[in-house]
Amino acid sequence: MSENRPSEGQPISGPDVAHNARVWNHWLGGKDNYPIDRKVGDHVTSMFPSIGEVARADREFLGRAVRFLAGEAGMDQFLDIGTGLPTADNTHEVAQRVNPASRIVYVDNDPLVLAHARALLTSTPEGATDYIHADAHHPDAIVRDAKATLDFDRPVAVMLLGSLNFILDTDIAVDIVGRLMAAVPSGSHLVITHPTTELGGEGNVDAMRFWNENATPPITARSLAEFTRFFAGLDLLDPGIVSCARWRATPVDGELPSIVPQFGAVARKP
Ligand SMILES: C[S@@+](CC[C@H](N)C(=O)[O-])C[C@H]1O[C@@H](n2cnc3c(N)ncnc32)[C@H](O)[C@@H]1O
């Protein structure tokens with residue numbers, strides 16, 4: 001476990017200000033949050049009622065994407081940036097059920113995620129897990145520290161689920177993804193989920209404004225055109241960029257899950 005630098009964009013921590021990792025945990029039905037997180041989270045829900053559905057759809061996407069990567073795609077190394085608080089079916093649990101030798105490095109900059117990181121370090125004996133307390137604004141430092149656990153001469157699945165939306169400047173966010181993907185070889189994969197005000201997410205605009213006035217870190221939504229920029233030079237895998245709820249989803253009683261305003265996609269580095 002390593003801590004490479006202080007967090008940026010999150011100067012305030014503790015129980016006085018709502019934090020994304022803890023509010024996300026609240027929306028997922030978890031208990032690792034403070035009253036202020038529940039208060040702000042519930043207010044967001046009152047403005048944007050499908051946010052809980054978005055959070056659950058995002059986690060279900062994580063399960064499907066990691067099962068695909070660890071199985072069919074043969075990936076056994078994962079770099080999960082913006083991990084969130086430990087919950088059911090963390091990346092290493094999903095990957096190691098498919099391939100017990102999978103190696104996973106988690107990265108987050110929330111102090112409470114760091115405090116709970118031990119729950120992410122429960123690797124199989126054949127595989128490995130590590131946690132790096134670091135800010136996604138510093139991809140080169142993340143890669144440097146991840147090399148203690150991952151072999152960057154072999155393919156790595158880079159995962160940024162619900163975290164690039166906290167990098168407010170799109171050019172900077174695209175540059176971060178570019179640096180990460182430049183550090184991994186051909187055959188590596190990129191997995192992203194990201195909120196949007198498209199796909200019926202118009203109600204998200206006011207909820208995000210409320211979030212930015214009352215919680216940390218500040219968030220932004222992105223359009224399909226902006227989201228597509230993250231995959232420049234990569235081969236998007238079927239079905240391309242869709243609502244994460246629909247990415248390789250199995251119909252239940254003949255019905256696909258409802259669309260949520262959160263893009264999801266997986267791409268391969270050629
Ligand atoms: C919406 S949660 C998503 C958690 C998990 N990836 C998932 O999809 O369920 C976003 C996570 O990104 C983390 N995060 C936000 N900004 C970050 C940054 N600049 N560097 C690292 N992590 C960040 C937050 O602390 C939070 O845990």
# chains A, B, ... in the order shown; residues from 1 in each chain; ligands from 1
$ residues_around --residues "stretch 243-256 of chain A" --least-positions-apart "5" --cutoff "6 Å" --atoms "only C-alpha atoms" --output "list in words"
Ala57, Phe61, Gln262, Phe263 and Gly264 of chain A
$ write_last_selection --atoms "all heavy atoms" --output "JSON list (two decimals), in the first residue's frame"
[["chain", "number", "residue", "atom", "x", "y", "z"],
["A", 57, "ALA", "N", -26.34, 0.25, -11.65],
["A", 57, "ALA", "CA", -26.04, -0.15, -13.04],
["A", 57, "ALA", "C", -24.54, -0.09, -13.29],
["A", 57, "ALA", "O", -23.97, -0.93, -14.01],
["A", 57, "ALA", "CB", -26.79, 0.75, -14.02],
["A", 61, "PHE", "N", -22.25, -3.15, -14.42],
["A", 61, "PHE", "CA", -21.36, -3.04, -15.60],
["A", 61, "PHE", "C", -19.96, -3.49, -15.21],
["A", 61, "PHE", "O", -19.31, -4.24, -15.95],
["A", 61, "PHE", "CB", -21.33, -1.58, -16.08],
["A", 61, "PHE", "CG", -20.25, -1.29, -17.08],
["A", 61, "PHE", "CD1", -20.47, -1.43, -18.45],
["A", 61, "PHE", "CD2", -18.99, -0.87, -16.66],
["A", 61, "PHE", "CE1", -19.46, -1.17, -19.36],
["A", 61, "PHE", "CE2", -17.97, -0.61, -17.56],
["A", 61, "PHE", "CZ", -18.21, -0.75, -18.93],
["A", 262, "GLN", "N", -25.53, 7.11, -17.93],
["A", 262, "GLN", "CA", -24.12, 6.87, -17.59],
["A", 262, "GLN", "C", -23.55, 6.06, -18.75],
["A", 262, "GLN", "O", -23.99, 4.92, -18.98],
["A", 262, "GLN", "CB", -24.08, 6.07, -16.27],
["A", 262, "GLN", "CG", -22.71, 5.64, -15.78],
["A", 262, "GLN", "CD", -22.13, 6.57, -14.70],
["A", 262, "GLN", "OE1", -22.49, 7.75, -14.62],
["A", 262, "GLN", "NE2", -21.25, 6.06, -13.90],
["A", 263, "PHE", "N", -22.61, 6.67, -19.50],
["A", 263, "PHE", "CA", -21.99, 5.93, -20.59],
["A", 263, "PHE", "C", -21.10, 4.83, -20.04],
["A", 263, "PHE", "O", -20.49, 4.98, -18.97],
["A", 263, "PHE", "CB", -21.10, 6.85, -21.44],
["A", 263, "PHE", "CG", -21.84, 7.88, -22.25],
["A", 263, "PHE", "CD1", -21.53, 9.23, -22.14],
["A", 263, "PHE", "CD2", -22.83, 7.50, -23.15],
["A", 263, "PHE", "CE1", -22.19, 10.18, -22.90],
["A", 263, "PHE", "CE2", -23.50, 8.44, -23.91],
["A", 263, "PHE", "CZ", -23.18, 9.79, -23.78],
["A", 264, "GLY", "N", -20.99, 3.74, -20.79],
["A", 264, "GLY", "CA", -20.05, 2.68, -20.45],
["A", 264, "GLY", "C", -19.45, 2.14, -21.73],
["A", 264, "GLY", "O", -20.15, 2.03, -22.74]]
$ residues_around --residues "A:Ile176" --least-positions-apart "6" --cutoff "8 Å" --atoms "only C-alpha atoms" --output "list of chain:residue names"
A:Ala136, A:His137, A:His138, A:Pro139
$ closest_atom_pairs --of "stretch 86-123 of chain A" --to "stretch 16-34 of chain A" --cutoff "9 Å" --atoms "only C-alpha atoms" --output "tab-separated table"
residue	atom	partner	partner_atom	distance
A:Pro86	CA	A:Asn25	CA	8.6
A:Thr87	CA	A:Gly30	CA	7.4
A:Asp110	CA	A:Ala21	CA	6.9
A:Leu112	CA	A:Arg22	CA	7.8
A:Val113	CA	A:Ala21	CA	7.4
$ write_last_selection --atoms "C-alpha atoms" --output "PDB file, in the first residue's frame"
ATOM      1  CA  PRO A  86     -15.078  -1.539  -0.727  1.00  0.00           C
ATOM      2  CA  THR A  87     -18.461  -3.034  -1.529  1.00  0.00           C
ATOM      3  CA  ASP A 110     -10.468   9.684  -0.664  1.00  0.00           C
ATOM      4  CA  LEU A 112     -12.001   7.020   3.923  1.00  0.00           C
ATOM      5  CA  VAL A 113     -11.221   4.675   1.034  1.00  0.00           C
TER       6      VAL A 113
END
$ residues_around --residues "A:Asn214" --least-positions-apart "5" --cutoff "12 Å" --atoms "only C-alpha atoms" --output "VMD selection string"
chain A and resid 12 16 to 20 36 to 37 39 to 41 43 to 44 207 to 209 219
$ residues_around --residues "A:Ala117" --least-positions-apart "2" --cutoff "8 Å" --atoms "only C-alpha atoms" --output "list in words"
Leu85, Pro86, Val113, Leu114, Ala115, Ala119, Leu120, Leu121 and Tyr131 of chain A
$ write_last_selection --atoms "N, CA, C and O atoms" --output "PDB file, in the first residue's frame"
ATOM      1  N   LEU A  85     -15.291   3.052  -2.108  1.00  0.00           N
ATOM      2  CA  LEU A  85     -15.215   2.257  -0.879  1.00  0.00           C
ATOM      3  C   LEU A  85     -15.476   0.796  -1.203  1.00  0.00           C
ATOM      4  O   LEU A  85     -16.265   0.492  -2.107  1.00  0.00           O
ATOM      5  N   PRO A  86     -14.826  -0.117  -0.482  1.00  0.00           N
ATOM      6  CA  PRO A  86     -15.078  -1.539  -0.727  1.00  0.00           C
ATOM      7  C   PRO A  86     -16.567  -1.842  -0.622  1.00  0.00           C
ATOM      8  O   PRO A  86     -17.260  -1.305   0.248  1.00  0.00           O
ATOM      9  N   VAL A 113     -11.558   5.865   1.825  1.00  0.00           N
ATOM     10  CA  VAL A 113     -11.221   4.675   1.034  1.00  0.00           C
ATOM     11  C   VAL A 113      -9.879   4.121   1.522  1.00  0.00           C
ATOM     12  O   VAL A 113      -9.721   2.911   1.710  1.00  0.00           O
ATOM     13  N   LEU A 114      -8.924   5.023   1.774  1.00  0.00           N
ATOM     14  CA  LEU A 114      -7.629   4.597   2.313  1.00  0.00           C
ATOM     15  C   LEU A 114      -7.838   3.856   3.642  1.00  0.00           C
ATOM     16  O   LEU A 114      -7.275   2.786   3.866  1.00  0.00           O
ATOM     17  N   ALA A 115      -8.709   4.414   4.498  1.00  0.00           N
ATOM     18  CA  ALA A 115      -8.942   3.800   5.812  1.00  0.00           C
ATOM     19  C   ALA A 115      -9.561   2.404   5.695  1.00  0.00           C
ATOM     20  O   ALA A 115      -9.343   1.553   6.554  1.00  0.00           O
ATOM     21  N   ALA A 119      -9.852  -4.046   3.178  1.00  0.00           N
ATOM     22  CA  ALA A 119     -10.872  -4.928   2.601  1.00  0.00           C
ATOM     23  C   ALA A 119     -10.636  -5.174   1.110  1.00  0.00           C
ATOM     24  O   ALA A 119     -11.249  -6.064   0.517  1.00  0.00           O
ATOM     25  N   LEU A 120      -9.746  -4.363   0.504  1.00  0.00           N
ATOM     26  CA  LEU A 120      -9.443  -4.550  -0.916  1.00  0.00           C
ATOM     27  C   LEU A 120      -8.196  -5.409  -1.104  1.00  0.00           C
ATOM     28  O   LEU A 120      -7.811  -5.723  -2.219  1.00  0.00           O
ATOM     29  N   LEU A 121      -7.565  -5.754   0.001  1.00  0.00           N
ATOM     30  CA  LEU A 121      -6.264  -6.430  -0.090  1.00  0.00           C
ATOM     31  C   LEU A 121      -6.389  -7.910   0.263  1.00  0.00           C
ATOM     32  O   LEU A 121      -5.459  -8.515   0.782  1.00  0.00           O
ATOM     33  N   TYR A 131      -3.100  -1.278  -2.951  1.00  0.00           N
ATOM     34  CA  TYR A 131      -3.873  -0.035  -2.928  1.00  0.00           C
ATOM     35  C   TYR A 131      -2.903   1.133  -2.932  1.00  0.00           C
ATOM     36  O   TYR A 131      -1.961   1.163  -2.131  1.00  0.00           O
TER      37      TYR A 131
END
$ select_by_dssp --residues "stretch 42-230 of chain A" --states "helix (DSSP H, G or I)" --output "MDAnalysis selection string"
chainID A and resid 42:47 51:70 91:98 111:115 117:120 139:146 164:166 170:182 204:214 224:229
$ residues_near_ligand --ligand "ligand 1" --cutoff "7 Å" --atoms "only C-alpha atoms and all ligand atoms" --output "MDAnalysis selection string"
chainID A and resid 8:9 20:21 24 55 58:59 62 81:85 107:110 113 134:137 160:163 166:167 217
$ write_last_selection --atoms "N, CA and C atoms" --output "mmCIF file, in the first residue's frame"
data_model
loop_
_atom_site.group_PDB
_atom_site.id
_atom_site.type_symbol
_atom_site.label_atom_id
_atom_site.label_comp_id
_atom_site.auth_asym_id
_atom_site.auth_seq_id
_atom_site.Cartn_x
_atom_site.Cartn_y
_atom_site.Cartn_z
ATOM 1 N N GLU A 8 -5.435 16.239 -4.670
ATOM 2 C CA GLU A 8 -5.753 17.550 -5.229
ATOM 3 C C GLU A 8 -7.248 17.625 -5.389
ATOM 4 N N GLY A 9 -7.806 18.806 -5.275
ATOM 5 C CA GLY A 9 -9.226 18.979 -5.530
ATOM 6 C C GLY A 9 -10.085 18.466 -4.401
ATOM 7 N N ASN A 20 -17.707 12.249 -2.346
ATOM 8 C CA ASN A 20 -18.295 11.368 -3.350
ATOM 9 C C ASN A 20 -18.218 9.893 -2.991
ATOM 10 N N ALA A 21 -17.050 9.420 -2.522
ATOM 11 C CA ALA A 21 -16.920 7.980 -2.267
ATOM 12 C C ALA A 21 -17.963 7.525 -1.250
ATOM 13 N N TRP A 24 -21.608 7.800 -2.712
ATOM 14 C CA TRP A 24 -21.781 6.668 -3.655
ATOM 15 C C TRP A 24 -22.077 5.408 -2.861
ATOM 16 N N ALA A 55 -25.990 4.178 -9.912
ATOM 17 C CA ALA A 55 -24.903 3.579 -9.121
ATOM 18 C C ALA A 55 -24.942 2.049 -9.228
ATOM 19 N N ASP A 58 -23.879 0.919 -12.711
ATOM 20 C CA ASP A 58 -22.429 1.071 -12.871
ATOM 21 C C ASP A 58 -21.703 -0.137 -12.259
ATOM 22 N N ARG A 59 -22.121 -0.562 -11.078
ATOM 23 C CA ARG A 59 -21.468 -1.717 -10.432
ATOM 24 C C ARG A 59 -21.740 -3.002 -11.220
ATOM 25 N N LEU A 62 -19.476 -3.024 -14.037
ATOM 26 C CA LEU A 62 -18.134 -3.429 -13.581
ATOM 27 C C LEU A 62 -18.038 -4.960 -13.563
ATOM 28 N N ILE A 81 -8.754 2.826 -11.150
ATOM 29 C CA ILE A 81 -8.505 4.188 -10.634
ATOM 30 C C ILE A 81 -9.837 4.877 -10.300
ATOM 31 N N GLY A 82 -9.983 5.259 -9.025
ATOM 32 C CA GLY A 82 -11.262 5.772 -8.528
ATOM 33 C C GLY A 82 -12.100 4.595 -8.080
ATOM 34 N N THR A 83 -11.476 3.788 -7.235
ATOM 35 C CA THR A 83 -12.017 2.501 -6.812
ATOM 36 C C THR A 83 -13.334 2.625 -6.062
ATOM 37 N N GLY A 84 -13.428 3.630 -5.186
ATOM 38 C CA GLY A 84 -14.577 3.742 -4.299
ATOM 39 C C GLY A 84 -14.370 2.910 -3.048
ATOM 40 N N LEU A 85 -15.291 3.052 -2.108
ATOM 41 C CA LEU A 85 -15.215 2.257 -0.879
ATOM 42 C C LEU A 85 -15.476 0.796 -1.203
ATOM 43 N N VAL A 107 -6.657 2.404 -6.918
ATOM 44 C CA VAL A 107 -6.192 3.785 -6.686
ATOM 45 C C VAL A 107 -7.399 4.651 -6.327
ATOM 46 N N ASP A 108 -7.283 5.421 -5.264
ATOM 47 C CA ASP A 108 -8.319 6.413 -4.943
ATOM 48 C C ASP A 108 -7.636 7.515 -4.134
ATOM 49 N N ASN A 109 -8.279 8.688 -4.052
ATOM 50 C CA ASN A 109 -7.685 9.757 -3.251
ATOM 51 C C ASN A 109 -8.574 10.166 -2.086
ATOM 52 N N ASP A 110 -9.588 9.351 -1.787
ATOM 53 C CA ASP A 110 -10.468 9.684 -0.664
ATOM 54 C C ASP A 110 -9.895 9.085 0.624
ATOM 55 N N VAL A 113 -11.558 5.865 1.825
ATOM 56 C CA VAL A 113 -11.221 4.675 1.034
ATOM 57 C C VAL A 113 -9.879 4.121 1.522
ATOM 58 N N ALA A 134 -3.709 7.929 -4.208
ATOM 59 C CA ALA A 134 -3.135 8.876 -5.173
ATOM 60 C C ALA A 134 -4.242 9.562 -5.950
ATOM 61 N N ASP A 135 -3.855 10.647 -6.570
ATOM 62 C CA ASP A 135 -4.803 11.458 -7.326
ATOM 63 C C ASP A 135 -4.677 11.134 -8.818
ATOM 64 N N ALA A 136 -5.810 10.936 -9.451
ATOM 65 C CA ALA A 136 -5.814 10.593 -10.882
ATOM 66 C C ALA A 136 -5.192 11.691 -11.744
ATOM 67 N N HIS A 137 -5.039 12.899 -11.188
ATOM 68 C CA HIS A 137 -4.368 13.952 -11.953
ATOM 69 C C HIS A 137 -2.888 13.639 -12.181
ATOM 70 N N LEU A 160 -11.473 3.181 -15.275
ATOM 71 C CA LEU A 160 -11.810 4.495 -14.705
ATOM 72 C C LEU A 160 -13.336 4.559 -14.661
ATOM 73 N N LEU A 161 -13.911 3.980 -13.626
ATOM 74 C CA LEU A 161 -15.364 3.887 -13.551
ATOM 75 C C LEU A 161 -15.896 4.980 -12.629
ATOM 76 N N GLY A 162 -16.592 5.922 -13.229
ATOM 77 C CA GLY A 162 -17.185 7.014 -12.447
ATOM 78 C C GLY A 162 -16.159 7.939 -11.836
ATOM 79 N N SER A 163 -14.959 7.984 -12.377
ATOM 80 C CA SER A 163 -13.938 8.846 -11.771
ATOM 81 C C SER A 163 -13.451 9.977 -12.695
ATOM 82 N N PHE A 166 -14.637 13.573 -12.346
ATOM 83 C CA PHE A 166 -14.095 14.500 -11.341
ATOM 84 C C PHE A 166 -12.855 15.226 -11.873
ATOM 85 N N ILE A 167 -12.488 14.955 -13.112
ATOM 86 C CA ILE A 167 -11.437 15.729 -13.785
ATOM 87 C C ILE A 167 -12.212 16.698 -14.676
ATOM 88 N N PRO A 217 -15.549 15.817 -4.436
ATOM 89 C CA PRO A 217 -15.022 16.834 -5.336
ATOM 90 C C PRO A 217 -16.079 17.259 -6.347
#
$ closest_atom_pairs --of "stretch 33-131 of chain A" --to "stretch 145-155 of chain A" --cutoff "10 Å" --atoms "only C-alpha atoms" --output "tab-separated table"
residue	atom	partner	partner_atom	distance
A:Gly74	CA	A:Pro155	CA	9.3
A:Met75	CA	A:Pro155	CA	6.9
A:Asp76	CA	A:Pro155	CA	8.0
A:Gln77	CA	A:Leu150	CA	6.5
A:Phe78	CA	A:Leu150	CA	8.0
A:Leu79	CA	A:Ala146	CA	7.8
A:Ser102	CA	A:Leu150	CA	9.9
A:Arg103	CA	A:Leu150	CA	6.8
A:Ile104	CA	A:Leu150	CA	7.6
A:Val105	CA	A:Ala146	CA	6.4
A:Tyr106	CA	A:Ala146	CA	8.8
A:Val107	CA	A:Ala146	CA	9.1
A:Gly127	CA	A:Thr149	CA	9.9
A:Ala128	CA	A:Thr149	CA	7.3
A:Thr129	CA	A:Thr149	CA	7.6
A:Asp130	CA	A:Thr149	CA	7.0
A:Tyr131	CA	A:Ala146	CA	8.8
$ select_by_dssp --residues "stretch 108-198 of chain A" --states "strand (DSSP E or B)" --output "list in words"
Asp108, Ala128, Thr129, Asp130, Tyr131, Ile132, His133, Ala157, Val158, Met159, Leu160, Leu161, His189, Leu190, Val191, Ile192, Thr193, His194 and Pro195 of chain A
$ residues_around --residues "stretch 227-240 of chain A" --least-positions-apart "6" --cutoff "12 Å" --atoms "only C-alpha atoms" --output "MDAnalysis selection string"
chainID A and resid 65 68:69 73 160 164:165 170:182 185:198 220:221 246:249 262:270
$ atom_distance --atom1 "atom CA of A:Leu224" --atom2 "atom CA of A:Thr45"
23.8 Å
$ closest_residue --among "A:Val66, A:Val143, A:Ile132, A:Val205" --to "A:Glu93" --atoms "only C-alpha atoms"
A:Val66
